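The structure appears below as structure tokens.
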Amino acid sequence: MSAAAAAQSQAVLSCPLLDWFARHARDLPWRRDRTPYRIWLAEVMLQQTQVDTVIPYYERFLARFPTIAELAAAELGDVLKVWEGLGYYARARNLHAAARQVVARSAGRLPGSYDELLVLPGVGRYTAGAVASIAFGQHVVAVDGNARRVLCRVFAVTGDVTRSSVQRELEELAVGLLPCGRAGEFNEALIELGATVCTPRAPRCGECPLAGECQAYVGGDPEPLPVRRPRRRVPHYDVAAAVTLRDGHVLVAQRKVEDMLGGLWEFPGGKREEGETLPECLAREMREELGVEVKVEEVLTVVKHAFTHFRITLHAFTCQLTSGEPSCLDCAAFRWVAPADLEGLPMSVADRKVAAALQAAQGQAPDLPLHGNPS
DNA sequence: AATGCGGGGGT
DNA sequence: ACCCCAGCATT
């Protein structure tokens, strides 16, 4: 293709897209005040997370940590607490670590180039491209899952999009469309189109500014694209957790930072092995994790919870310590806390439900689950 | 280049 | 019940 022809095909798609975006862009919190920190924070929160879920977290996070310097100065536990419920907690750990790097190395100024951004923990190809183009006006692409879907349909790309070779191919196609001086706007527009019009199911092609140029639409059936390898079935596990009470305090453990849900607090316990009863499992886990013997009493609550790659049924039992004092054999820390103080600790959604059940049980009948409470 | 990581929303 | 999502780090 000649340079002139390439320029024309670039404009044929980007012009109607930019025009559509100017008329249909949603009013989102991170589109109001486009400082680099706010764009960066939004992009990290939006990784694998939908807009409506992110908005309240974004507002709370900014209210609590208004600047990179204030984020860097915070304790990780406080950052995780604000992140609680949003998931993918490595994002919060990486964001915090990156803020500290930025403060230490460049006085709290986020670097403005794609290559420098890419080095920060938690910043990959997409986020580096988004921040560089949207916050700093750099001429780079930012291709996320929404943009990939649009590009697959427009260019009839039938390869498996979970393969990195196909992802690179899509990025190259996006590069070919990038208009000079309006890269950030273009990237946002492509993503917005994927999020609101070119949806995974039942795309609204009648409202799409690219329909006439879309190979999948012209071919008659855009919905099957993009193609991806079928996912594996997720296994299910039964997990036991101990609500151990003594003197009006409950025992909680902090997960090791390198583990899944690292740095969060939980009611200690673990996965039931083959041929094991739940109380046997819990007694074993308490020995292995904390070096104590417990008497497993009654079921406090049962919580079902889905992770990406497995599901659990979490059985929380009230327990009594029968021998030994806790020590951290397989956790980062442990603590005895008053039930009312559980709210201050960052926990996953499943453990938070157990904490709520404990408080509800005590609110109903303060003595009942507290066999060891001397009061 | 493939895989593990949370949680929620849409259909 | 699935499917998918403003992806990244690790292997």
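We label chains A, B, ... in the order they appear in the structure tokens, count residues from 1 in each chain, and number ligands from 1 in the order shown.
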Distance table requested - chain C against chain A, cut-off 7 Å, only C-alpha atoms (C1' of nucleotides): one row per qualifying residue with the closest atom pair and its distance in Å to one decimal, ordered by chain and rising residue number, as CSV.
residue,atom,partner,partner_atom,distance
C:DC5,C1',A:Gln48,CA,5.0
C:DA6,C1',A:Leu46,CA,4.8
C:DG7,C1',A:Gln47,CA,5.3
C:DC8,C1',A:Gly122,CA,6.0
Task: Who sits within 12 Å of A:Ala350, only C-alpha atoms (C1' of nucleotides), same chain under 3 positions skipped, as number ranges by chain - done: A: 84-85, 87, 239-241, 261, 264-267, 301-307, 311-316, 346-347, 353-357; B: 6-7
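Note that the spacing between atom CA of A:Arg38 and atom CA of A:Leu117 amounts to 14.5 Å.
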Write down as a CSV table (one decimal) with all heavy atoms, in the first residue's frame the residues belonging to stretch 206-319 of chain A that are assigned helix (DSSP H, G or I) by DSSP computed on the backbone.
chain,number,residue,atom,x,y,z
A,206,GLY,N,-26.2,-1.0,14.3
A,206,GLY,CA,-27.0,0.1,13.7
A,206,GLY,C,-26.6,1.4,14.2
A,206,GLY,O,-26.8,2.5,13.6
A,207,GLU,N,-25.9,1.4,15.4
A,207,GLU,CA,-25.4,2.7,15.9
A,207,GLU,C,-23.9,2.9,15.7
A,207,GLU,O,-23.3,3.9,16.3
A,207,GLU,CB,-25.7,2.7,17.5
A,207,GLU,CG,-27.1,2.5,17.8
A,207,GLU,CD,-27.3,2.3,19.3
A,207,GLU,OE1,-26.5,2.7,20.1
A,207,GLU,OE2,-28.3,1.6,19.7
A,211,ALA,N,-19.6,0.8,10.9
A,211,ALA,CA,-20.3,-0.4,10.3
A,211,ALA,C,-20.0,-0.6,8.9
A,211,ALA,O,-19.8,-1.7,8.4
A,211,ALA,CB,-21.8,-0.3,10.6
A,212,GLY,N,-20.1,0.6,8.1
A,212,GLY,CA,-19.9,0.5,6.7
A,212,GLY,C,-18.5,0.0,6.3
A,212,GLY,O,-18.3,-0.6,5.2
A,213,GLU,N,-17.5,0.1,7.2
A,213,GLU,CA,-16.1,-0.3,6.9
A,213,GLU,C,-15.8,-1.6,7.7
A,213,GLU,O,-14.7,-2.0,7.6
A,213,GLU,CB,-15.1,0.8,7.4
A,213,GLU,CG,-15.4,2.2,6.8
A,213,GLU,CD,-15.3,2.2,5.3
A,213,GLU,OE1,-14.4,1.5,4.8
A,213,GLU,OE2,-16.0,3.0,4.7
A,215,GLN,N,-15.6,-5.3,8.3
A,215,GLN,CA,-15.6,-6.6,7.5
A,215,GLN,C,-16.6,-7.6,8.0
A,215,GLN,O,-17.3,-8.3,7.3
A,215,GLN,CB,-14.2,-7.2,7.3
A,215,GLN,CG,-13.3,-6.3,6.5
A,215,GLN,CD,-11.9,-6.9,6.3
A,215,GLN,OE1,-11.8,-8.1,6.1
A,215,GLN,NE2,-10.9,-6.1,6.3
A,216,ALA,N,-16.6,-7.7,9.4
A,216,ALA,CA,-17.5,-8.7,10.0
A,216,ALA,C,-19.0,-8.3,9.8
A,216,ALA,O,-19.8,-9.1,9.6
A,216,ALA,CB,-17.2,-8.8,11.5
A,217,TYR,N,-19.3,-7.0,9.9
A,217,TYR,CA,-20.6,-6.5,9.7
A,217,TYR,C,-21.1,-6.7,8.3
A,217,TYR,O,-22.2,-7.2,8.0
A,217,TYR,CB,-20.8,-5.1,10.1
A,217,TYR,CG,-22.2,-4.5,9.9
A,217,TYR,CD1,-23.2,-4.9,10.7
A,217,TYR,CD2,-22.4,-3.6,8.8
A,217,TYR,CE1,-24.5,-4.4,10.4
A,217,TYR,CE2,-23.7,-3.1,8.6
A,217,TYR,CZ,-24.8,-3.5,9.4
A,217,TYR,OH,-26.0,-3.1,9.2
A,218,VAL,N,-20.2,-6.3,7.3
A,218,VAL,CA,-20.5,-6.4,5.9
A,218,VAL,C,-20.7,-7.9,5.6
A,218,VAL,O,-21.5,-8.3,4.8
A,218,VAL,CB,-19.5,-5.8,5.1
A,218,VAL,CG1,-19.7,-6.1,3.6
A,218,VAL,CG2,-19.5,-4.2,5.3
A,219,GLY,N,-19.9,-8.8,6.3
A,219,GLY,CA,-19.9,-10.2,6.0
A,219,GLY,C,-21.2,-10.8,6.7
A,219,GLY,O,-21.5,-12.0,6.4
A,278,LEU,N,-14.3,-31.9,57.4
A,278,LEU,CA,-14.0,-30.5,57.6
A,278,LEU,C,-13.4,-30.2,58.9
A,278,LEU,O,-12.4,-29.4,59.0
A,278,LEU,CB,-15.3,-29.6,57.4
A,278,LEU,CG,-15.7,-29.5,55.9
A,278,LEU,CD1,-17.1,-29.0,55.8
A,278,LEU,CD2,-14.7,-28.6,55.1
A,279,PRO,N,-13.9,-30.7,60.1
A,279,PRO,CA,-13.2,-30.5,61.3
A,279,PRO,C,-11.8,-31.0,61.4
A,279,PRO,O,-10.9,-30.4,61.9
A,279,PRO,CB,-14.1,-31.2,62.4
A,279,PRO,CG,-15.5,-31.2,61.7
A,279,PRO,CD,-15.2,-31.4,60.3
A,280,GLU,N,-11.6,-32.2,60.8
A,280,GLU,CA,-10.2,-32.7,60.7
A,280,GLU,C,-9.3,-31.8,59.9
A,280,GLU,O,-8.1,-31.5,60.3
A,280,GLU,CB,-10.2,-34.1,60.0
A,280,GLU,CG,-10.8,-35.2,60.9
A,280,GLU,CD,-11.1,-36.5,60.1
A,280,GLU,OE1,-11.0,-36.5,58.8
A,280,GLU,OE2,-11.4,-37.5,60.7
A,281,CYS,N,-9.8,-31.3,58.8
A,281,CYS,CA,-9.1,-30.4,57.9
A,281,CYS,C,-8.7,-29.1,58.7
A,281,CYS,O,-7.5,-28.7,58.7
A,281,CYS,CB,-10.0,-30.0,56.8
A,281,CYS,SG,-9.5,-28.4,56.0
A,282,LEU,N,-9.6,-28.6,59.5
A,282,LEU,CA,-9.4,-27.4,60.2
A,282,LEU,C,-8.4,-27.6,61.3
A,282,LEU,O,-7.5,-26.7,61.5
A,282,LEU,CB,-10.7,-26.8,60.8
A,282,LEU,CG,-10.7,-25.4,61.3
A,282,LEU,CD1,-10.0,-24.5,60.3
A,282,LEU,CD2,-12.1,-24.9,61.6
A,283,ALA,N,-8.5,-28.7,62.0
A,283,ALA,CA,-7.5,-29.0,63.1
A,283,ALA,C,-6.1,-29.1,62.5
A,283,ALA,O,-5.1,-28.6,63.0
A,283,ALA,CB,-7.9,-30.3,63.8
A,284,ARG,N,-6.0,-29.8,61.3
A,284,ARG,CA,-4.7,-29.9,60.6
A,284,ARG,C,-4.1,-28.5,60.2
A,284,ARG,O,-3.0,-28.2,60.4
A,284,ARG,CB,-4.8,-30.8,59.4
A,284,ARG,CG,-3.6,-30.9,58.6
A,284,ARG,CD,-3.8,-31.8,57.4
A,284,ARG,NE,-4.9,-31.4,56.5
A,284,ARG,CZ,-4.9,-30.4,55.7
A,284,ARG,NH1,-3.9,-29.6,55.6
A,284,ARG,NH2,-6.0,-30.1,55.0
A,285,GLU,N,-5.0,-27.7,59.6
A,285,GLU,CA,-4.5,-26.4,59.1
A,285,GLU,C,-4.1,-25.5,60.3
A,285,GLU,O,-3.1,-24.8,60.1
A,285,GLU,CB,-5.6,-25.7,58.3
A,285,GLU,CG,-6.0,-26.4,57.0
A,285,GLU,CD,-5.0,-26.1,55.9
A,285,GLU,OE1,-4.1,-25.3,56.1
A,285,GLU,OE2,-5.1,-26.7,54.8
A,286,MET,N,-4.7,-25.6,61.4
A,286,MET,CA,-4.4,-24.8,62.5
A,286,MET,C,-3.0,-25.2,63.1
A,286,MET,O,-2.2,-24.4,63.6
A,286,MET,CB,-5.5,-24.8,63.6
A,286,MET,CG,-6.8,-24.2,63.2
A,286,MET,SD,-6.6,-22.4,62.7
A,286,MET,CE,-6.6,-21.7,64.4
A,287,ARG,N,-2.8,-26.5,63.1
A,287,ARG,CA,-1.5,-27.0,63.5
A,287,ARG,C,-0.4,-26.5,62.5
A,287,ARG,O,0.7,-26.0,62.9
A,287,ARG,CB,-1.5,-28.6,63.5
A,287,ARG,CG,-1.8,-29.2,64.8
A,287,ARG,CD,-1.4,-30.7,64.8
A,287,ARG,NE,-2.1,-31.5,63.8
A,287,ARG,CZ,-3.3,-32.0,63.9
A,287,ARG,NH1,-4.0,-31.8,65.0
A,287,ARG,NH2,-3.8,-32.7,62.9
A,288,GLU,N,-0.6,-26.7,61.2
A,288,GLU,CA,0.4,-26.3,60.2
A,288,GLU,C,0.7,-24.9,60.1
A,288,GLU,O,1.8,-24.4,59.9
A,288,GLU,CB,-0.1,-26.8,58.8
A,288,GLU,CG,-0.1,-28.4,58.7
A,288,GLU,CD,-0.7,-28.8,57.4
A,288,GLU,OE1,-1.1,-28.0,56.6
A,288,GLU,OE2,-0.8,-30.1,57.2
A,289,GLU,N,-0.4,-24.0,60.2
A,289,GLU,CA,-0.2,-22.6,60.0
A,289,GLU,C,0.2,-21.9,61.3
A,289,GLU,O,1.1,-21.0,61.2
A,289,GLU,CB,-1.6,-22.0,59.6
A,289,GLU,CG,-1.8,-21.9,58.1
A,289,GLU,CD,-3.1,-21.1,57.8
A,289,GLU,OE1,-3.1,-19.9,58.2
A,289,GLU,OE2,-4.0,-21.7,57.2
A,290,LEU,N,-0.4,-22.3,62.4
A,290,LEU,CA,-0.2,-21.5,63.6
A,290,LEU,C,0.4,-22.3,64.8
A,290,LEU,O,0.7,-21.8,65.8
A,290,LEU,CB,-1.5,-20.9,64.0
A,290,LEU,CG,-2.0,-19.8,63.1
A,290,LEU,CD1,-3.5,-19.6,63.2
A,290,LEU,CD2,-1.2,-18.5,63.2
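Distance-wise, atom CA of A:His96 and atom CA of A:Glu70 end up 10.2 Å apart.
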Using DSSP on the backbone, list every residue of stretch 283-366 of chain A that comes out as strand (DSSP E or B), and give them as a PDB file with C-alpha atoms, in the first residue's frame.
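What follows is the written file selection.pdb:
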ATOM      1  CA  GLU A 293      -4.458 -27.466  68.709  1.00  0.00           C
ATOM      2  CA  VAL A 294      -8.108 -26.467  68.527  1.00  0.00           C
ATOM      3  CA  LYS A 295     -11.451 -27.979  69.390  1.00  0.00           C
ATOM      4  CA  VAL A 296     -13.769 -27.412  66.426  1.00  0.00           C
ATOM      5  CA  GLU A 297     -17.219 -26.503  67.705  1.00  0.00           C
ATOM      6  CA  GLU A 298     -20.088 -25.432  65.475  1.00  0.00           C
ATOM      7  CA  VAL A 299     -20.700 -23.980  62.034  1.00  0.00           C
ATOM      8  CA  LEU A 300     -20.931 -20.189  62.219  1.00  0.00           C
ATOM      9  CA  THR A 301     -21.689 -19.619  58.545  1.00  0.00           C
ATOM     10  CA  VAL A 302     -21.141 -21.078  55.080  1.00  0.00           C
ATOM     11  CA  VAL A 303     -20.033 -18.773  52.260  1.00  0.00           C
ATOM     12  CA  LYS A 304     -19.839 -19.613  48.578  1.00  0.00           C
ATOM     13  CA  HIS A 305     -17.264 -17.673  46.602  1.00  0.00           C
ATOM     14  CA  ALA A 306     -16.019 -17.755  43.014  1.00  0.00           C
ATOM     15  CA  ARG A 311     -14.750 -21.940  43.375  1.00  0.00           C
ATOM     16  CA  ILE A 312     -14.867 -22.494  47.080  1.00  0.00           C
ATOM     17  CA  THR A 313     -17.438 -23.220  49.727  1.00  0.00           C
ATOM     18  CA  LEU A 314     -16.030 -21.670  52.867  1.00  0.00           C
ATOM     19  CA  HIS A 315     -17.215 -23.339  56.080  1.00  0.00           C
ATOM     20  CA  ALA A 316     -16.499 -21.131  59.092  1.00  0.00           C
ATOM     21  CA  PHE A 317     -16.441 -22.931  62.461  1.00  0.00           C
ATOM     22  CA  THR A 318     -16.242 -21.483  65.928  1.00  0.00           C
ATOM     23  CA  CYS A 319     -13.222 -22.975  67.684  1.00  0.00           C
ATOM     24  CA  GLN A 320     -11.526 -23.104  71.058  1.00  0.00           C
ATOM     25  CA  LEU A 321      -7.786 -23.160  71.551  1.00  0.00           C
ATOM     26  CA  THR A 322      -6.958 -26.343  73.486  1.00  0.00           C
ATOM     27  CA  SER A 323      -3.167 -26.211  73.565  1.00  0.00           C
ATOM     28  CA  ALA A 333       1.430 -12.275  61.009  1.00  0.00           C
ATOM     29  CA  PHE A 334      -1.388 -13.095  63.414  1.00  0.00           C
ATOM     30  CA  ARG A 335      -3.414 -10.966  65.791  1.00  0.00           C
ATOM     31  CA  TRP A 336      -6.149 -11.262  68.405  1.00  0.00           C
ATOM     32  CA  VAL A 337      -8.690  -8.530  67.680  1.00  0.00           C
ATOM     33  CA  MET A 347      -9.932  -8.829  53.975  1.00  0.00           C
TER      34      MET A 347
END
- [ ] Please provide as a list in words all residues within 10 Å of A:Thr199, with the sequence filter that same-chain residues fewer than 4 positions apart are discarded (counting only C-alpha atoms (C1' of nucleotides)).
- [x] Asn146, Arg149, Val150, Leu193, Gly194, Ala195, Pro203, Arg204, Cys205 and Glu223 of chain A
Write the residues of the selection above to a file with all heavy atoms, as a PDB file, in the first residue's frame.
ATOM      1  N   ASN A 146     -11.631  -4.418  24.922  1.00  0.00           N
ATOM      2  CA  ASN A 146     -12.671  -3.774  24.109  1.00  0.00           C
ATOM      3  C   ASN A 146     -12.145  -3.435  22.722  1.00  0.00           C
ATOM      4  O   ASN A 146     -12.787  -3.718  21.713  1.00  0.00           O
ATOM      5  CB  ASN A 146     -13.161  -2.491  24.776  1.00  0.00           C
ATOM      6  CG  ASN A 146     -13.994  -2.763  26.009  1.00  0.00           C
ATOM      7  OD1 ASN A 146     -14.927  -3.539  25.966  1.00  0.00           O
ATOM      8  ND2 ASN A 146     -13.637  -2.128  27.110  1.00  0.00           N
ATOM      9  N   ARG A 149     -11.680  -6.413  20.506  1.00  0.00           N
ATOM     10  CA  ARG A 149     -12.921  -6.918  19.933  1.00  0.00           C
ATOM     11  C   ARG A 149     -13.312  -6.105  18.693  1.00  0.00           C
ATOM     12  O   ARG A 149     -13.685  -6.648  17.658  1.00  0.00           O
ATOM     13  CB  ARG A 149     -14.042  -6.887  20.970  1.00  0.00           C
ATOM     14  CG  ARG A 149     -15.342  -7.500  20.487  1.00  0.00           C
ATOM     15  CD  ARG A 149     -16.331  -7.679  21.621  1.00  0.00           C
ATOM     16  NE  ARG A 149     -16.558  -6.449  22.360  1.00  0.00           N
ATOM     17  CZ  ARG A 149     -16.102  -6.189  23.578  1.00  0.00           C
ATOM     18  NH1 ARG A 149     -15.395  -7.083  24.216  1.00  0.00           N
ATOM     19  NH2 ARG A 149     -16.345  -5.035  24.154  1.00  0.00           N
ATOM     20  N   VAL A 150     -13.231  -4.770  18.803  1.00  0.00           N
ATOM     21  CA  VAL A 150     -13.567  -3.909  17.666  1.00  0.00           C
ATOM     22  C   VAL A 150     -12.644  -4.215  16.485  1.00  0.00           C
ATOM     23  O   VAL A 150     -13.105  -4.389  15.354  1.00  0.00           O
ATOM     24  CB  VAL A 150     -13.447  -2.425  18.060  1.00  0.00           C
ATOM     25  CG1 VAL A 150     -13.707  -1.534  16.841  1.00  0.00           C
ATOM     26  CG2 VAL A 150     -14.422  -2.085  19.189  1.00  0.00           C
ATOM     27  N   LEU A 193     -16.120   2.581  22.106  1.00  0.00           N
ATOM     28  CA  LEU A 193     -16.975   1.919  21.110  1.00  0.00           C
ATOM     29  C   LEU A 193     -17.163   0.441  21.465  1.00  0.00           C
ATOM     30  O   LEU A 193     -18.272  -0.090  21.398  1.00  0.00           O
ATOM     31  CB  LEU A 193     -16.366   2.057  19.714  1.00  0.00           C
ATOM     32  CG  LEU A 193     -17.248   1.559  18.561  1.00  0.00           C
ATOM     33  CD1 LEU A 193     -18.469   2.449  18.393  1.00  0.00           C
ATOM     34  CD2 LEU A 193     -16.456   1.476  17.257  1.00  0.00           C
ATOM     35  N   GLY A 194     -16.074  -0.199  21.871  1.00  0.00           N
ATOM     36  CA  GLY A 194     -16.164  -1.607  22.260  1.00  0.00           C
ATOM     37  C   GLY A 194     -17.008  -1.809  23.509  1.00  0.00           C
ATOM     38  O   GLY A 194     -17.734  -2.789  23.634  1.00  0.00           O
ATOM     39  N   ALA A 195     -16.925  -0.860  24.432  1.00  0.00           N
ATOM     40  CA  ALA A 195     -17.642  -1.006  25.702  1.00  0.00           C
ATOM     41  C   ALA A 195     -19.133  -0.740  25.554  1.00  0.00           C
ATOM     42  O   ALA A 195     -19.943  -1.335  26.271  1.00  0.00           O
ATOM     43  CB  ALA A 195     -17.042  -0.058  26.745  1.00  0.00           C
ATOM     44  N   PRO A 203     -24.087  -6.958  19.493  1.00  0.00           N
ATOM     45  CA  PRO A 203     -23.542  -5.626  19.178  1.00  0.00           C
ATOM     46  C   PRO A 203     -24.589  -4.769  18.458  1.00  0.00           C
ATOM     47  O   PRO A 203     -25.382  -5.277  17.674  1.00  0.00           O
ATOM     48  CB  PRO A 203     -22.363  -5.952  18.263  1.00  0.00           C
ATOM     49  CG  PRO A 203     -22.635  -7.309  17.708  1.00  0.00           C
ATOM     50  CD  PRO A 203     -23.379  -8.038  18.792  1.00  0.00           C
ATOM     51  N   ARG A 204     -24.573  -3.452  18.770  1.00  0.00           N
ATOM     52  CA  ARG A 204     -25.538  -2.531  18.179  1.00  0.00           C
ATOM     53  C   ARG A 204     -24.968  -1.911  16.902  1.00  0.00           C
ATOM     54  O   ARG A 204     -24.648  -0.719  16.865  1.00  0.00           O
ATOM     55  CB  ARG A 204     -25.885  -1.452  19.198  1.00  0.00           C
ATOM     56  CG  ARG A 204     -26.664  -1.982  20.385  1.00  0.00           C
ATOM     57  CD  ARG A 204     -26.999  -0.910  21.385  1.00  0.00           C
ATOM     58  NE  ARG A 204     -25.982  -0.768  22.416  1.00  0.00           N
ATOM     59  CZ  ARG A 204     -25.822  -1.597  23.450  1.00  0.00           C
ATOM     60  NH1 ARG A 204     -26.624  -2.637  23.586  1.00  0.00           N
ATOM     61  NH2 ARG A 204     -24.878  -1.407  24.337  1.00  0.00           N
ATOM     62  N   CYS A 205     -24.851  -2.750  15.879  1.00  0.00           N
ATOM     63  CA  CYS A 205     -24.195  -2.307  14.650  1.00  0.00           C
ATOM     64  C   CYS A 205     -24.947  -1.144  13.996  1.00  0.00           C
ATOM     65  O   CYS A 205     -24.354  -0.348  13.261  1.00  0.00           O
ATOM     66  CB  CYS A 205     -24.058  -3.474  13.680  1.00  0.00           C
ATOM     67  SG  CYS A 205     -23.091  -4.856  14.369  1.00  0.00           S
ATOM     68  N   GLU A 223     -20.898 -11.154  15.644  1.00  0.00           N
ATOM     69  CA  GLU A 223     -20.918 -11.608  17.042  1.00  0.00           C
ATOM     70  C   GLU A 223     -19.904 -12.695  17.391  1.00  0.00           C
ATOM     71  O   GLU A 223     -19.334 -12.667  18.485  1.00  0.00           O
ATOM     72  CB  GLU A 223     -22.326 -12.051  17.450  1.00  0.00           C
ATOM     73  CG  GLU A 223     -22.451 -12.227  18.950  1.00  0.00           C
ATOM     74  CD  GLU A 223     -23.862 -12.574  19.402  1.00  0.00           C
ATOM     75  OE1 GLU A 223     -24.628 -11.635  19.662  1.00  0.00           O
ATOM     76  OE2 GLU A 223     -24.176 -13.766  19.519  1.00  0.00           O
TER      77      GLU A 223
END
